[in-house]
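Data first, discussion second: the structure below is written as structure tokens.
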Amino acid sequence: MLICPECAYEWNPNEVPEEEEALKVKDANGTLLQDGDKVTLIKDLKVKGSSQVLKIGTKALVRRIVEGKDHQLDCRVDGAGEMMVTAAFVKKA
């Protein structure tokens, strides 16, 4: 066992460190989403702070998946630009 002199953390150098689990986010159909996936909206969505409405079938590109309880997808939405979208309102294209 090795011990860190600053924080007293102990570890075995022979053990392989467990890789951090990537965030697992599923779309409305239960398909796992990843960075770079193309998705389409399954519901009309109002854009908060604007009078704009994103229509059903609007396409978006998932730029990255972030940890959050309401908005998990950082997307580039066609005709609307960059915004956060909830995974429950999209399906993988």
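Residues in the structure tokens are numbered from 1 in each chain, the chains being A, B, ... in the order shown, and ligands are numbered from 1 in the order shown.
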Subject >> Exercise: A:Val77 partners within 8 Å, only C-alpha atoms, chain neighbours under 6 positions left out, as JSON, numbers by chain >> reply: {"A": [58, 59, 60, 61, 83]}
Subject >> 9 Å contact set for A:Leu73, only C-alpha atoms, chain neighbours under 5 positions out, as number ranges by chain >> reply: A: 25, 35, 62-68, 83-87
Original post:
What is the atom CA of A:Leu33-atom CA of A:Lys92 distance in Å, reported with one decimal?
Top reply: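 Here the two named atoms are 7.3 Å from each other.
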Write out as a PDB file with C-alpha atoms, in the first residue's frame the residues lying within 7 Å of A:Leu54, counting only C-alpha atoms and excluding same-chain residues fewer than 2 positions away.
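Now in part09.pdb:
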```pdb
ATOM      1  CA  ASP A  44     -43.330  21.164 -29.467  1.00  0.00           C
ATOM      2  CA  LEU A  45     -41.099  22.972 -26.973  1.00  0.00           C
ATOM      3  CA  LYS A  46     -41.326  26.600 -25.885  1.00  0.00           C
ATOM      4  CA  GLN A  52     -40.040  31.058 -30.075  1.00  0.00           C
ATOM      5  CA  ILE A  56     -41.961  18.503 -33.614  1.00  0.00           C
ATOM      6  CA  THR A  58     -36.811  19.776 -35.517  1.00  0.00           C
TER       7      THR A  58
END
```
Subject >> Residues flagged strand (DSSP E) by DSSP in chain A, as a ChimeraX atom specification >> reply: /A:2-3,10-11,25-26,32-33,38-41,45-46,53-54,59-65,73-77,81-85,90-92
Filtering to C-alpha atoms, could you give me those residues as a CSV table (one decimal), in the first residue's frame?
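This is the output file selection-v4.csv:
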```csv
chain,number,residue,atom,x,y,z
A,2,LEU,CA,1.1,3.5,-0.8
A,3,ILE,CA,0.2,6.5,1.3
A,10,GLU,CA,-4.0,4.8,0.8
A,11,TRP,CA,-4.0,2.8,-2.4
A,25,VAL,CA,-28.6,9.4,-20.9
A,26,LYS,CA,-31.5,7.8,-22.8
A,32,LEU,CA,-28.6,5.5,-25.2
A,33,LEU,CA,-27.3,8.9,-26.5
A,38,LYS,CA,-28.3,13.5,-34.2
A,39,VAL,CA,-31.7,13.7,-32.6
A,40,THR,CA,-35.2,15.0,-33.5
A,41,LEU,CA,-37.7,16.6,-31.2
A,45,LEU,CA,-41.1,23.0,-27.0
A,46,LYS,CA,-41.3,26.6,-25.9
A,53,VAL,CA,-41.4,27.5,-30.3
A,54,LEU,CA,-39.4,24.5,-31.5
A,59,LYS,CA,-33.3,18.3,-35.8
A,60,ALA,CA,-30.5,18.8,-33.4
A,61,LEU,CA,-26.9,17.7,-32.9
A,62,VAL,CA,-25.8,16.6,-29.4
A,63,ARG,CA,-22.6,18.5,-28.7
A,64,ARG,CA,-22.1,17.0,-25.3
A,65,ILE,CA,-24.0,15.3,-22.5
A,73,LEU,CA,-28.1,17.6,-23.6
A,74,ASP,CA,-26.1,20.5,-24.9
A,75,CYS,CA,-27.3,20.8,-28.5
A,76,ARG,CA,-27.1,22.8,-31.7
A,77,VAL,CA,-30.7,23.1,-32.8
A,81,GLY,CA,-28.8,27.8,-32.3
A,82,GLU,CA,-27.1,26.5,-29.1
A,83,MET,CA,-29.4,25.4,-26.2
A,84,MET,CA,-29.9,22.8,-23.5
A,85,VAL,CA,-32.6,20.2,-24.1
A,90,VAL,CA,-35.9,13.8,-28.2
A,91,LYS,CA,-35.4,10.6,-30.1
A,92,LYS,CA,-32.2,9.4,-31.9
```
